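This report concerns only the one structure given below.
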Amino acid sequence: MTRLRAQDGRGADRYERTAWGRQYASADGSLREIWIPSMDSVKRDRPLPEIAAAAYVAASGVPVDMPYGERTQLPDSDGVLPQRVRVVGVGLGDGSTQVLADWDAAEAKRQFDAHTKELMSSAADGREFRPGQDCIRCEALSGCQAVPRVPGLLDASAPLRPRKRRSVSVSDLRAYRDCPARYYLTRVLKLRDGRTENTAIRRGRAVDAWLNERHAAKPATPCRRVPLPEYLPGLSAEELPAALAMIRQHRGRCPLDGLAVDETVEPQRRLAVYDPQTDVVVIADCDLVYTDRGGRVVRETKTASHPFGERRELVRTYPQLALAVLLMASGTLGGDPRRSRIELEVLRKDGARLEEIDPFDAVTLDQSRHVITELAAGWAADETYIAAPARDFDCTDCEARRWCPSARTARGDGALRTLGGIPR
Ligand SMILES: [Zn+2]
């Protein structure tokens with residue numbers, strides 16, 4: 001903790017750093033450990049700044065009760081500070097452990113100064129808006145400039161009785177359509193068994209990651225002027241050629257090609273809007289949002305191993321396009337309607353397609369409303385999330401099956417049971 005004599009430029013007179021986890025100390029106080037739990041196995045990619053933050057709190061902190069919404073009452077003296085600290089990761093599912101840091105107190109401070117300090121001060125200085133799921137708990141939501149209000153966006157009825165404000169994305173709604181229990185377990189409780197994803201999903205993710213990085217680079221450079229990568233993280237040597245072929249297909253359709261230098265290009269742009277009618281924050285994660293001569297363009301890029309589908313059902317095949325249509329038509333993205341559009345880029349090994357969707361076209365708008373309303377209606381009204389797998393969804397593919405009270409048991413005692421809901 002840092003106490004200041006007077007308020008600093010940020011208006012603060014005290015800074016508290018805290019770390020959460022199981023805390024242990026040797027009887028003589030010379031050694032402290034902080035154990036950080038993760039859901040299933042040890043989280044192996046915990047960032048160094050986070051480990052150093054926990055280690056330095058363990059090295060320099062005092063154990064206290066932290067009353068909610070009030071200043072922490074500190075003891076008169078620091079007591080015995082340790083000479084050595086350890087940060088240990090523990091997986092609560094399989095009992096695995098890993099020592100993430102084992103440092104003397106001076107080293108903990110050095111690591112903190114080198115890797116964490118600047119991140120913390122830039123977080124304290126941050127003034128930008130970054131809307132997302134956290135908006136549901138924000139008291140300033142109703143007046144927030146970063147979260148426009150779009151009444152009736154989901155076209156769902158208001159809750160019958162008071163319930164907590166919720167957020168929803170198209171991925172949430174699709175998980176709900178697969179099965180309400182799957183939605184609740186994987187998207188709300190974040191329970192997933194970490195099964196390895198199939199090649200197509202990993203390939204898609206690797207291609208996306210490369211494109212996002214390229215499109216974020218300054219100065220903006222069209223992808224055809226950049227050499228193909230020699231490897232892509234997460235892909236094996238056998239999986240690489242197909243991914244590279246897709247990137248090659250993208251080169252001819254790169255949105256940066258021919259785009260003026262003063263246009264804004266925002267890869268992985270998150271949009272959040274508030275639908276006061278249902279008291280829901282709707283979140284759309286767009287692959288890319290860019291400006292083009294006064295217009296706004298939302299670009300979604302998909303990798304596909306199957307042949308291109310029929311064009312007319314695009315907003316149904318990809319419901320996030322339907323949501324993008326509604327958001328753009330509501331005016332929340334700004335931009336000149338005559339120049340604004342939504343683009344769908346589909347990349348295959350042996351070809352690519354770029355489709356344009358006009359969000360102001362009456363038929364498209366109508367279809368999009370229909371898609372979102374249909375997806376959201378059940379979700380908005382549901383309070384119990386009873387397991388009810390869709391006809392085309394196979395429960396054995398569900399990453400939350402282990403936790404699902406309605407799934408077939410390991411002994412295989414018969415068909416799916418759909419008894420009762422999952423407690424909220
Ligand atoms: Zn590109």
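In the structure tokens, the first chain shown is A, the next is B, and so on; residue numbers restart at 1 for each chain, and ligands run from 1 in the order shown.
Around ligand 1, the neighbouring residues within 7 Å, taking only C-alpha atoms and all ligand atoms, come to Leu211, Arg214, His215, Pro222, Cys223, His250, Arg251, Cys254, Pro255 and Leu256 of chain A.
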Exercise for the section: May I have the residues within 9 Å of stretch 147-158 of chain A as number ranges by chain, using only C-alpha atoms and disregarding those fewer than 5 positions away in the same chain? Expected result: A: 131, 135, 141-142, 271-282, 323, 326-327, 330, 332, 369, 372-373, 375-378, 380-381
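Residues in contact with stretch 397-401 of chain A at 8 Å, where only C-alpha atoms are counted and same-chain residues fewer than 2 positions away are skipped, are listed as Arg182, Leu185, Thr186, Leu191, Arg192, Asp193, Gly194, Arg195, Phe393, Asp394, Cys395, Trp403, Cys404 and Ala407 of chain A.
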Selected residues, N, CA and C atoms, written as a PDB file, in the first residue's frame, please.
```pdb
ATOM      1  N   ARG A 182     -26.731 -25.619 -21.792  1.00  0.00           N
ATOM      2  CA  ARG A 182     -25.384 -25.395 -22.347  1.00  0.00           C
ATOM      3  C   ARG A 182     -25.024 -23.902 -22.290  1.00  0.00           C
ATOM      4  N   LEU A 185     -24.338 -23.022 -18.528  1.00  0.00           N
ATOM      5  CA  LEU A 185     -23.107 -23.596 -17.969  1.00  0.00           C
ATOM      6  C   LEU A 185     -21.850 -23.014 -18.625  1.00  0.00           C
ATOM      7  N   THR A 186     -21.876 -22.879 -19.955  1.00  0.00           N
ATOM      8  CA  THR A 186     -20.644 -22.437 -20.630  1.00  0.00           C
ATOM      9  C   THR A 186     -20.518 -20.923 -20.699  1.00  0.00           C
ATOM     10  N   LEU A 191     -18.160 -22.764 -17.399  1.00  0.00           N
ATOM     11  CA  LEU A 191     -17.673 -24.132 -17.190  1.00  0.00           C
ATOM     12  C   LEU A 191     -17.437 -24.788 -18.543  1.00  0.00           C
ATOM     13  N   ARG A 192     -16.197 -25.137 -18.795  1.00  0.00           N
ATOM     14  CA  ARG A 192     -15.866 -25.832 -20.037  1.00  0.00           C
ATOM     15  C   ARG A 192     -14.800 -26.852 -19.719  1.00  0.00           C
ATOM     16  N   ASP A 193     -14.865 -27.996 -20.360  1.00  0.00           N
ATOM     17  CA  ASP A 193     -13.912 -29.033 -19.967  1.00  0.00           C
ATOM     18  C   ASP A 193     -12.588 -28.949 -20.711  1.00  0.00           C
ATOM     19  N   GLY A 194     -12.400 -27.889 -21.516  1.00  0.00           N
ATOM     20  CA  GLY A 194     -11.109 -27.676 -22.167  1.00  0.00           C
ATOM     21  C   GLY A 194     -10.743 -28.738 -23.172  1.00  0.00           C
ATOM     22  N   ARG A 195     -11.738 -29.453 -23.703  1.00  0.00           N
ATOM     23  CA  ARG A 195     -11.428 -30.452 -24.736  1.00  0.00           C
ATOM     24  C   ARG A 195     -10.775 -29.760 -25.925  1.00  0.00           C
ATOM     25  N   PHE A 393     -28.387 -30.712 -32.333  1.00  0.00           N
ATOM     26  CA  PHE A 393     -27.238 -30.596 -31.431  1.00  0.00           C
ATOM     27  C   PHE A 393     -26.996 -31.911 -30.712  1.00  0.00           C
ATOM     28  N   ASP A 394     -25.739 -32.360 -30.757  1.00  0.00           N
ATOM     29  CA  ASP A 394     -25.386 -33.632 -30.144  1.00  0.00           C
ATOM     30  C   ASP A 394     -24.746 -33.364 -28.780  1.00  0.00           C
ATOM     31  N   CYS A 395     -25.393 -33.872 -27.719  1.00  0.00           N
ATOM     32  CA  CYS A 395     -24.903 -33.619 -26.356  1.00  0.00           C
ATOM     33  C   CYS A 395     -23.465 -34.087 -26.153  1.00  0.00           C
ATOM     34  N   TRP A 403     -20.862 -31.214 -16.227  1.00  0.00           N
ATOM     35  CA  TRP A 403     -21.547 -30.476 -15.152  1.00  0.00           C
ATOM     36  C   TRP A 403     -23.060 -30.446 -15.338  1.00  0.00           C
ATOM     37  N   CYS A 404     -23.530 -31.081 -16.405  1.00  0.00           N
ATOM     38  CA  CYS A 404     -24.945 -30.939 -16.729  1.00  0.00           C
ATOM     39  C   CYS A 404     -25.767 -31.986 -15.979  1.00  0.00           C
ATOM     40  N   ALA A 407     -27.473 -34.526 -18.388  1.00  0.00           N
ATOM     41  CA  ALA A 407     -26.745 -35.338 -19.365  1.00  0.00           C
ATOM     42  C   ALA A 407     -26.745 -36.796 -18.928  1.00  0.00           C
TER      43      ALA A 407
END
```
Problem - Test item: residues at most 6 Å from A:Arg269, only C-alpha atoms, excluding those fewer than 3 positions along its chain, as number ranges by chain - result: A: 266, 285-286
Practice task
List the neighbours of A:Pro47 out to 12 Å using only C-alpha atoms; skip same-chain residues closer than 4 positions along the sequence, and give me the result as a PyMOL selection string.
Solution key: chain A and resi 43+51-54+100-101+115-116
Do you know which residues are at most 7 Å from A:Asp358 counting only C-alpha atoms, after dropping those on the same chain fewer than 3 positions away, and could you put them as a PDB file with N, CA and C atoms, in the first residue's frame?
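To be explicit, this is the file written out as around_36.pdb:
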```pdb
ATOM      1  N   ARG A 341     -21.978  -0.138 -45.044  1.00  0.00           N
ATOM      2  CA  ARG A 341     -22.348  -1.488 -45.464  1.00  0.00           C
ATOM      3  C   ARG A 341     -21.764  -2.515 -44.511  1.00  0.00           C
ATOM      4  N   ILE A 342     -22.245  -3.735 -44.684  1.00  0.00           N
ATOM      5  CA  ILE A 342     -21.694  -4.853 -43.936  1.00  0.00           C
ATOM      6  C   ILE A 342     -21.110  -5.818 -44.954  1.00  0.00           C
ATOM      7  N   ASP A 361     -31.507  -1.740 -46.595  1.00  0.00           N
ATOM      8  CA  ASP A 361     -32.454  -2.376 -47.503  1.00  0.00           C
ATOM      9  C   ASP A 361     -33.599  -2.980 -46.678  1.00  0.00           C
TER      10      ASP A 361
END
```
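What separates atom CA of A:Ser122 from atom CA of A:Lys190 is a distance of 28.7 Å.
The environment of A:Ala217 within 10 Å, counting only C-alpha atoms and disregarding residues fewer than 5 places along the same chain, consists of Leu211, Asn212, Val265 and Pro267 of chain A.
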So that I have them on file, write out the residues from the current selection with C-alpha atoms, as a PDB file, in the first residue's frame.
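That gives us selection-v3.pdb:
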```
ATOM      1  CA  LEU A 211      -5.369 -10.965 -39.981  1.00  0.00           C
ATOM      2  CA  ASN A 212      -6.230  -8.997 -36.826  1.00  0.00           C
ATOM      3  CA  VAL A 265      -9.413   0.782 -39.117  1.00  0.00           C
ATOM      4  CA  PRO A 267      -9.918  -4.797 -35.853  1.00  0.00           C
TER       5      PRO A 267
END
```
Problem - Atom pair atom CA of A:Gly89 / atom CA of A:Ile36: separation (Å) - result: 4.9 Å
Problem - Residues flagged alpha helix (DSSP H) by DSSP in stretch 30-119 of chain A, as a count of residues only - result: 27
Practice task
Calculate how many Å separate atom CA of A:Ala260 from atom CA of A:Arg339, rounding to one decimal.
Solution key: 14.7 Å
Exercise for the section: Using DSSP on the backbone, list every residue of stretch 84-306 of chain A that comes out as strand (DSSP E or B), and give them as a VMD selection string. Expected result: chain A and resid 84 to 91 97 to 104 149 166 to 169 265 to 275 280 to 292 295 to 303
